[in-house]
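Undergrad: Here it is: the structure, laid out below.
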Amino acid sequence: MIIALPKETTPHEKRVALTPEIVSRLIAWGYQVRVEKNAGTAAGFSDKDYHSAGAEIASDAAKTYAGADIVCKIWAPLPAEDKYLKKGMTVIANFQTLDNTKRTDKFAALGLTCFALEMIPRISRAQSMDILSSQSNLAGYKAVIEAVNRLDKAVPMLMTAAGTIPPAKVLILGAGVAGLQAVATAKRLGAQVYASDVRPQVKEQVESLGGRFLEIPNDENAENAGGYAQETSENYRKKQKLAVSEQLKKTDILITTALVPGKAAPRLIDKEMLALMPNGSIAIDMAASAGGNIEGSAEGKETKISGVRILGASNLASELPNTASRLFANNIYNFLNAMYDSQQHKIVFRFEDELVNKTCICKDGEIR
């Protein structure tokens, strides 16, 4: 059986779904692994590395996909790749399926079996397979580094003979995996860190990392069954705006991470609120591709509003491609390892298993 690793075609994507280390493990199971030429180059993995791991190097996408039983990717295949997809193929990737239902319909029509790793259930044995956590962790770290690099002042408090410099103040909206890593990173750099989230239960986590929790009175349940934040009421949003606006007056770096699965990102910051920030402040909108938490942000672009530089950056993990690829590849391997039948010496997807059942989005022409 053949496992294929195509080169990513999504614009600006530098990651690769399998590393040479993971390829060697799959080959040890008895699989043939075919890697498209230069698939891992942007992430620091050469064709020579893959060849040394035992993979076959294919010269183009058509030869990579040809006869493949399992295809591993970072992102779901784009329309230009549909011509390579054949009935019976299994594709494992981030499908963003709640936001791309038409593409899921297409994959079902093509007769593919698709496993969307972003749908991995939040259960203890699936933690090592969770691509959202592994990639968001890196994105939260990178968001702080990007912001600090753009800031025109020092971050930590500096006590010098020439005078004392106060620490920069950082505000992080959304204390999920990305937000918490941003809190930890900013704190390590010496900033004074504040964070807010619609889920008051994350206060303890923020404070354990050295941040201060910006409390907003809330009697609503803002967490869904999967543990993710969900939409809030208009009344809560008004209270949130007042509290955040007050904090913005003394904020040097703003990082927003709020997403609602399957829906547009909530608008947390408008232009009036941006005008409250000190001139030269930096804002990183990690939800820009989903509509943005900040008014005026644009994915992949830097804009300036009321003296605030705003960077729309929803795929920051790709800016750390080597580390991100290693973690993503481990996630895929751990998922496949749970399916590997050592007696049959092959991967077997058993649909009575919660991991398989909840992750498979289409099979045998049907949407699951």
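Convention: chains lettered A, B, ... in structure tokens order; per-chain residue numbering from 1; ligands numbered from 1 as shown.
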Excluding region 312-329 of chain A and any residue of its chain fewer than 2 positions from it, enumerate the residues within 9 Å of it, using only C-alpha atoms, and give them as a VMD selection string.
TA: chain A and resid 12 to 19 21 to 22 40 42 to 45 74 129 to 131 134 to 143 257 283 to 290 292 294 297 to 303 310 331 to 334
Undergrad: Could you take the residues named above and write them with N, CA and C atoms, as a short mmCIF file (atom, residue, chain, number, x, y, z; two decimals), in the first residue's frame?
TA:
```
data_model
loop_
_atom_site.label_atom_id
_atom_site.label_comp_id
_atom_site.auth_asym_id
_atom_site.auth_seq_id
_atom_site.Cartn_x
_atom_site.Cartn_y
_atom_site.Cartn_z
N HIS A 12 1.39 30.44 0.34
CA HIS A 12 2.22 30.83 1.50
C HIS A 12 2.36 29.73 2.56
N GLU A 13 1.90 28.51 2.26
CA GLU A 13 2.04 27.43 3.23
C GLU A 13 3.43 26.81 3.13
N LYS A 14 4.16 26.79 4.25
CA LYS A 14 5.53 26.30 4.26
C LYS A 14 5.67 24.94 4.95
N ARG A 15 4.62 24.50 5.61
CA ARG A 15 4.71 23.25 6.35
C ARG A 15 4.56 22.04 5.44
N VAL A 16 4.91 20.88 5.99
CA VAL A 16 4.73 19.62 5.29
C VAL A 16 4.12 18.64 6.29
N ALA A 17 3.25 17.75 5.80
CA ALA A 17 2.46 16.92 6.71
C ALA A 17 3.22 15.75 7.32
N LEU A 18 4.28 15.29 6.68
CA LEU A 18 5.08 14.19 7.21
C LEU A 18 6.55 14.57 7.16
N THR A 19 7.28 14.29 8.22
CA THR A 19 8.72 14.52 8.25
C THR A 19 9.45 13.23 7.90
N GLU A 21 11.46 11.54 9.64
CA GLU A 21 11.40 10.63 10.79
C GLU A 21 10.11 9.81 10.78
N ILE A 22 8.98 10.48 10.53
CA ILE A 22 7.70 9.78 10.52
C ILE A 22 7.59 8.89 9.29
N GLY A 40 9.09 19.10 1.23
CA GLY A 40 9.49 19.56 2.56
C GLY A 40 10.56 20.62 2.58
N ALA A 42 10.66 23.89 2.11
CA ALA A 42 10.38 25.14 2.85
C ALA A 42 10.41 24.92 4.36
N ALA A 43 10.23 23.67 4.79
CA ALA A 43 10.24 23.35 6.22
C ALA A 43 11.61 22.85 6.68
N GLY A 44 12.56 22.81 5.77
CA GLY A 44 13.90 22.40 6.14
C GLY A 44 14.19 20.92 5.97
N PHE A 45 13.32 20.21 5.22
CA PHE A 45 13.52 18.78 4.98
C PHE A 45 13.76 18.58 3.48
N ILE A 74 -1.30 18.96 4.87
CA ILE A 74 -1.60 19.97 5.89
C ILE A 74 -3.04 20.43 5.70
N MET A 129 -2.99 13.69 19.11
CA MET A 129 -3.38 13.76 17.70
C MET A 129 -3.98 15.12 17.34
N ASP A 130 -4.09 15.99 18.32
CA ASP A 130 -4.84 17.24 18.19
C ASP A 130 -4.02 18.30 17.44
N ILE A 131 -4.29 18.46 16.15
CA ILE A 131 -3.55 19.45 15.36
C ILE A 131 -3.89 20.87 15.77
N SER A 134 -1.59 21.63 18.79
CA SER A 134 -0.16 21.70 18.48
C SER A 134 0.18 22.92 17.64
N GLN A 135 -0.67 23.24 16.68
CA GLN A 135 -0.38 24.37 15.80
C GLN A 135 -0.74 25.71 16.45
N SER A 136 -1.81 25.75 17.23
CA SER A 136 -2.19 26.98 17.91
C SER A 136 -1.16 27.37 18.96
N ASN A 137 -0.57 26.38 19.59
CA ASN A 137 0.47 26.64 20.58
C ASN A 137 1.61 27.44 19.95
N LEU A 138 2.06 26.99 18.79
CA LEU A 138 3.13 27.69 18.08
C LEU A 138 2.68 29.05 17.58
N ALA A 139 1.42 29.13 17.13
CA ALA A 139 0.91 30.39 16.60
C ALA A 139 0.86 31.46 17.70
N GLY A 140 0.46 31.07 18.91
CA GLY A 140 0.41 32.02 20.01
C GLY A 140 1.78 32.56 20.34
N TYR A 141 2.77 31.68 20.33
CA TYR A 141 4.16 32.10 20.56
C TYR A 141 4.62 33.06 19.46
N LYS A 142 4.38 32.68 18.21
CA LYS A 142 4.84 33.49 17.08
C LYS A 142 4.15 34.85 17.03
N ALA A 143 2.89 34.92 17.46
CA ALA A 143 2.17 36.19 17.46
C ALA A 143 2.88 37.21 18.34
N THR A 257 -7.45 36.28 19.43
CA THR A 257 -7.41 34.87 19.01
C THR A 257 -8.80 34.24 18.93
N ALA A 283 -1.13 45.51 16.84
CA ALA A 283 -2.23 44.56 17.02
C ALA A 283 -2.03 43.39 16.06
N ILE A 284 -2.17 42.19 16.58
CA ILE A 284 -2.10 40.98 15.75
C ILE A 284 -3.46 40.31 15.79
N ASP A 285 -4.10 40.20 14.64
CA ASP A 285 -5.42 39.56 14.54
C ASP A 285 -5.24 38.14 14.01
N MET A 286 -5.33 37.17 14.92
CA MET A 286 -5.13 35.77 14.53
C MET A 286 -6.39 35.14 13.95
N ALA A 287 -7.45 35.92 13.85
CA ALA A 287 -8.70 35.41 13.28
C ALA A 287 -9.03 36.13 11.98
N ALA A 288 -8.03 36.75 11.36
CA ALA A 288 -8.28 37.59 10.18
C ALA A 288 -8.93 36.84 9.03
N SER A 289 -8.53 35.58 8.81
CA SER A 289 -9.08 34.84 7.67
C SER A 289 -10.53 34.44 7.88
N ALA A 290 -11.01 34.52 9.12
CA ALA A 290 -12.40 34.17 9.42
C ALA A 290 -13.27 35.40 9.60
N GLY A 292 -12.10 38.28 11.00
CA GLY A 292 -11.32 39.17 11.85
C GLY A 292 -11.99 39.59 13.13
N ILE A 294 -10.66 42.23 14.62
CA ILE A 294 -10.36 43.66 14.61
C ILE A 294 -10.85 44.29 13.32
N SER A 297 -8.71 44.77 9.79
CA SER A 297 -7.60 43.83 9.58
C SER A 297 -7.83 43.06 8.29
N ALA A 298 -6.75 42.62 7.66
CA ALA A 298 -6.83 41.86 6.42
C ALA A 298 -5.80 40.75 6.46
N GLU A 299 -6.21 39.55 6.12
CA GLU A 299 -5.31 38.39 6.20
C GLU A 299 -4.05 38.59 5.37
N GLY A 300 -2.91 38.38 6.01
CA GLY A 300 -1.63 38.46 5.33
C GLY A 300 -1.15 39.87 5.04
N LYS A 301 -1.84 40.86 5.57
CA LYS A 301 -1.46 42.25 5.29
C LYS A 301 -1.30 43.04 6.59
N GLU A 302 -0.49 44.07 6.50
CA GLU A 302 -0.36 44.99 7.63
C GLU A 302 -1.03 46.30 7.26
N THR A 303 -1.96 46.75 8.09
CA THR A 303 -2.66 48.01 7.88
C THR A 303 -2.41 48.92 9.07
N ILE A 310 -1.71 47.04 12.40
CA ILE A 310 -2.51 45.82 12.56
C ILE A 310 -2.05 44.79 11.54
N ASN A 331 1.26 14.35 15.10
CA ASN A 331 -0.19 14.21 15.25
C ASN A 331 -0.74 13.15 14.29
N ILE A 332 -0.32 13.22 13.02
CA ILE A 332 -0.79 12.24 12.04
C ILE A 332 -0.33 10.84 12.41
N TYR A 333 0.94 10.72 12.78
CA TYR A 333 1.45 9.39 13.14
C TYR A 333 0.70 8.81 14.32
N ASN A 334 0.43 9.62 15.34
CA ASN A 334 -0.28 9.12 16.51
C ASN A 334 -1.70 8.70 16.16
#
```
Undergrad: Between A:Ser306, A:Thr164, A:Ser46, A:Ser233, which one has atoms that come closest to Leu276 (chain A), using only C-alpha atoms?
TA: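 Among the listed residues, the smallest separation from Leu276 (chain A) belongs to A:Ser306.
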Undergrad: Point out the residue among A:Arg103, A:Lys304, A:His51, A:Lys346 with the least atom-to-atom distance to Val23 (chain A), counting only C-alpha atoms.
TA: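 Among A:Arg103, A:Lys304, A:His51, A:Lys346, it is A:His51 that comes nearest to Val23 (chain A).
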Undergrad: Among region 4-121 of chain A, which residues carry a DSSP assignment of alpha helix (DSSP H), reported as an MDAnalysis selection string?
TA: chainID A and resid 20:28 47:52 61:65 101:109
Undergrad: Selection from above, N, CA and C atoms, as a tab-separated table (two decimals), in the first residue's frame, can you write it?
TA:
```
chain	number	residue	atom	x	y	z
A	20	PRO	N	10.72	13.30	7.55
A	20	PRO	CA	11.48	12.08	7.26
A	20	PRO	C	11.44	11.06	8.41
A	21	GLU	N	11.46	11.54	9.64
A	21	GLU	CA	11.40	10.63	10.79
A	21	GLU	C	10.11	9.81	10.78
A	22	ILE	N	8.98	10.48	10.53
A	22	ILE	CA	7.70	9.78	10.52
A	22	ILE	C	7.59	8.89	9.29
A	23	VAL	N	8.14	9.33	8.17
A	23	VAL	CA	8.15	8.50	6.96
A	23	VAL	C	8.84	7.17	7.24
A	24	SER	N	9.97	7.21	7.93
A	24	SER	CA	10.71	5.97	8.22
A	24	SER	C	9.88	5.02	9.09
A	25	ARG	N	9.07	5.59	10.00
A	25	ARG	CA	8.22	4.75	10.85
A	25	ARG	C	7.11	4.08	10.03
A	26	LEU	N	6.55	4.82	9.09
A	26	LEU	CA	5.49	4.26	8.25
A	26	LEU	C	6.04	3.16	7.34
A	27	ILE	N	7.24	3.37	6.87
A	27	ILE	CA	7.88	2.36	6.03
A	27	ILE	C	8.17	1.10	6.84
A	28	ALA	N	8.48	1.27	8.12
A	28	ALA	CA	8.72	0.13	9.00
A	28	ALA	C	7.47	-0.72	9.18
A	47	ASP	N	14.79	16.59	-0.18
A	47	ASP	CA	14.46	15.32	-0.84
A	47	ASP	C	15.44	14.23	-0.42
A	48	LYS	N	16.69	14.61	-0.22
A	48	LYS	CA	17.70	13.65	0.23
A	48	LYS	C	17.33	13.08	1.60
A	49	ASP	N	16.79	13.92	2.47
A	49	ASP	CA	16.37	13.46	3.80
A	49	ASP	C	15.27	12.40	3.68
A	50	TYR	N	14.31	12.67	2.81
A	50	TYR	CA	13.21	11.72	2.62
A	50	TYR	C	13.71	10.43	1.95
A	51	HIS	N	14.59	10.59	0.99
A	51	HIS	CA	15.13	9.41	0.30
A	51	HIS	C	15.92	8.55	1.27
A	52	SER	N	16.68	9.18	2.16
A	52	SER	CA	17.44	8.44	3.15
A	52	SER	C	16.53	7.72	4.14
A	61	ALA	N	3.05	16.28	-8.91
A	61	ALA	CA	1.87	15.90	-8.13
A	61	ALA	C	1.16	14.68	-8.72
A	62	ALA	N	1.04	14.63	-10.04
A	62	ALA	CA	0.34	13.51	-10.68
A	62	ALA	C	0.98	12.18	-10.31
A	63	LYS	N	2.30	12.13	-10.34
A	63	LYS	CA	3.00	10.88	-10.02
A	63	LYS	C	2.94	10.59	-8.51
A	64	THR	N	2.83	11.64	-7.71
A	64	THR	CA	2.74	11.46	-6.26
A	64	THR	C	1.42	10.81	-5.88
A	65	TYR	N	0.34	11.31	-6.47
A	65	TYR	CA	-1.00	10.80	-6.15
A	65	TYR	C	-1.29	9.45	-6.79
A	101	THR	N	-18.15	23.48	3.50
A	101	THR	CA	-19.07	22.36	3.26
A	101	THR	C	-19.16	21.98	1.79
A	102	LYS	N	-19.00	22.95	0.89
A	102	LYS	CA	-19.08	22.62	-0.54
A	102	LYS	C	-17.92	21.73	-0.97
A	103	ARG	N	-16.74	21.97	-0.39
A	103	ARG	CA	-15.60	21.12	-0.72
A	103	ARG	C	-15.81	19.71	-0.17
A	104	THR	N	-16.40	19.62	1.01
A	104	THR	CA	-16.69	18.31	1.58
A	104	THR	C	-17.67	17.55	0.69
A	105	ASP	N	-18.65	18.26	0.15
A	105	ASP	CA	-19.59	17.65	-0.80
A	105	ASP	C	-18.84	17.09	-2.01
A	106	LYS	N	-17.86	17.86	-2.48
A	106	LYS	CA	-17.08	17.44	-3.65
A	106	LYS	C	-16.27	16.19	-3.34
A	107	PHE	N	-15.65	16.15	-2.18
A	107	PHE	CA	-14.84	14.98	-1.80
A	107	PHE	C	-15.71	13.73	-1.68
A	108	ALA	N	-16.91	13.92	-1.17
A	108	ALA	CA	-17.84	12.79	-1.07
A	108	ALA	C	-18.23	12.30	-2.46
A	109	ALA	N	-18.50	13.24	-3.37
A	109	ALA	CA	-18.88	12.88	-4.74
A	109	ALA	C	-17.76	12.14	-5.46
```
Undergrad: Can you tell me how far CA of Leu274 (chain A) sits from CA of Asp252 (chain A), in Å to one decimal?
TA: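 Separating CA of Leu274 (chain A) from CA of Asp252 (chain A) is a distance of 11.3 Å.
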Undergrad: Looking only at the backbone, which of the residues in region 14-263 of chain A does DSSP tag as strand (DSSP E or B), as a ChimeraX atom specification?
TA: /A:32-36,56-58,70-75,90-94,113-116,158-160,163-165,169-173,192-196,212-213,223,229,253-256
Undergrad: For the selection just defined, write its residues with C-alpha atoms to a file, as a PDB file, in the first residue's frame.
TA:
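Generated file (result.pdb):
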```
ATOM      1  CA  GLN A  32       5.585   2.422   0.545  1.00  0.00           C
ATOM      2  CA  VAL A  33       5.843   6.203   0.973  1.00  0.00           C
ATOM      3  CA  ARG A  34       5.970   8.505  -2.043  1.00  0.00           C
ATOM      4  CA  VAL A  35       6.997  12.146  -1.556  1.00  0.00           C
ATOM      5  CA  GLU A  36       6.586  14.887  -4.148  1.00  0.00           C
ATOM      6  CA  GLU A  56      10.381   7.350  -3.214  1.00  0.00           C
ATOM      7  CA  ILE A  57      10.677  10.889  -4.624  1.00  0.00           C
ATOM      8  CA  ALA A  58       8.068  11.693  -7.294  1.00  0.00           C
ATOM      9  CA  ILE A  70      -3.568   7.233   1.805  1.00  0.00           C
ATOM     10  CA  VAL A  71      -2.746  10.898   1.171  1.00  0.00           C
ATOM     11  CA  CYS A  72      -1.397  13.053   4.010  1.00  0.00           C
ATOM     12  CA  LYS A  73      -1.595  16.846   3.749  1.00  0.00           C
ATOM     13  CA  ILE A  74      -1.597  19.968   5.885  1.00  0.00           C
ATOM     14  CA  TRP A  75      -4.703  21.367   4.155  1.00  0.00           C
ATOM     15  CA  THR A  90      -8.154   8.115   2.035  1.00  0.00           C
ATOM     16  CA  VAL A  91      -7.139  11.731   2.693  1.00  0.00           C
ATOM     17  CA  ILE A  92      -5.939  12.925   6.101  1.00  0.00           C
ATOM     18  CA  ALA A  93      -5.610  16.694   6.602  1.00  0.00           C
ATOM     19  CA  ASN A  94      -7.091  19.835   8.104  1.00  0.00           C
ATOM     20  CA  THR A 113     -12.700   8.739   2.630  1.00  0.00           C
ATOM     21  CA  CYS A 114     -11.663  11.912   4.427  1.00  0.00           C
ATOM     22  CA  PHE A 115     -10.412  12.309   7.979  1.00  0.00           C
ATOM     23  CA  ALA A 116     -10.490  15.912   9.211  1.00  0.00           C
ATOM     24  CA  LEU A 158      14.724  48.324  32.419  1.00  0.00           C
ATOM     25  CA  MET A 159      16.393  50.039  35.370  1.00  0.00           C
ATOM     26  CA  THR A 160      19.412  51.967  34.106  1.00  0.00           C
ATOM     27  CA  GLY A 163      16.358  56.160  34.009  1.00  0.00           C
ATOM     28  CA  THR A 164      13.763  53.438  34.477  1.00  0.00           C
ATOM     29  CA  ILE A 165      11.780  52.117  31.518  1.00  0.00           C
ATOM     30  CA  LYS A 169       1.625  46.176  28.422  1.00  0.00           C
ATOM     31  CA  VAL A 170       0.112  43.327  26.425  1.00  0.00           C
ATOM     32  CA  LEU A 171      -3.589  42.494  26.127  1.00  0.00           C
ATOM     33  CA  ILE A 172      -4.662  39.089  24.793  1.00  0.00           C
ATOM     34  CA  LEU A 173      -8.295  38.474  23.885  1.00  0.00           C
ATOM     35  CA  GLN A 192       2.898  43.134  31.899  1.00  0.00           C
ATOM     36  CA  VAL A 193       0.243  40.802  30.527  1.00  0.00           C
ATOM     37  CA  TYR A 194      -3.539  40.963  30.659  1.00  0.00           C
ATOM     38  CA  ALA A 195      -5.963  38.453  29.137  1.00  0.00           C
ATOM     39  CA  SER A 196      -9.689  38.145  28.715  1.00  0.00           C
ATOM     40  CA  ARG A 212      -3.773  39.150  34.953  1.00  0.00           C
ATOM     41  CA  PHE A 213      -7.313  38.164  34.047  1.00  0.00           C
ATOM     42  CA  GLU A 223     -18.356  27.137  26.462  1.00  0.00           C
ATOM     43  CA  ALA A 229     -15.825  29.289  23.264  1.00  0.00           C
ATOM     44  CA  ILE A 253       0.451  45.109  22.095  1.00  0.00           C
ATOM     45  CA  LEU A 254      -2.974  43.640  21.382  1.00  0.00           C
ATOM     46  CA  ILE A 255      -3.365  40.015  20.269  1.00  0.00           C
ATOM     47  CA  THR A 256      -6.785  38.615  19.371  1.00  0.00           C
TER      48      THR A 256
END
```
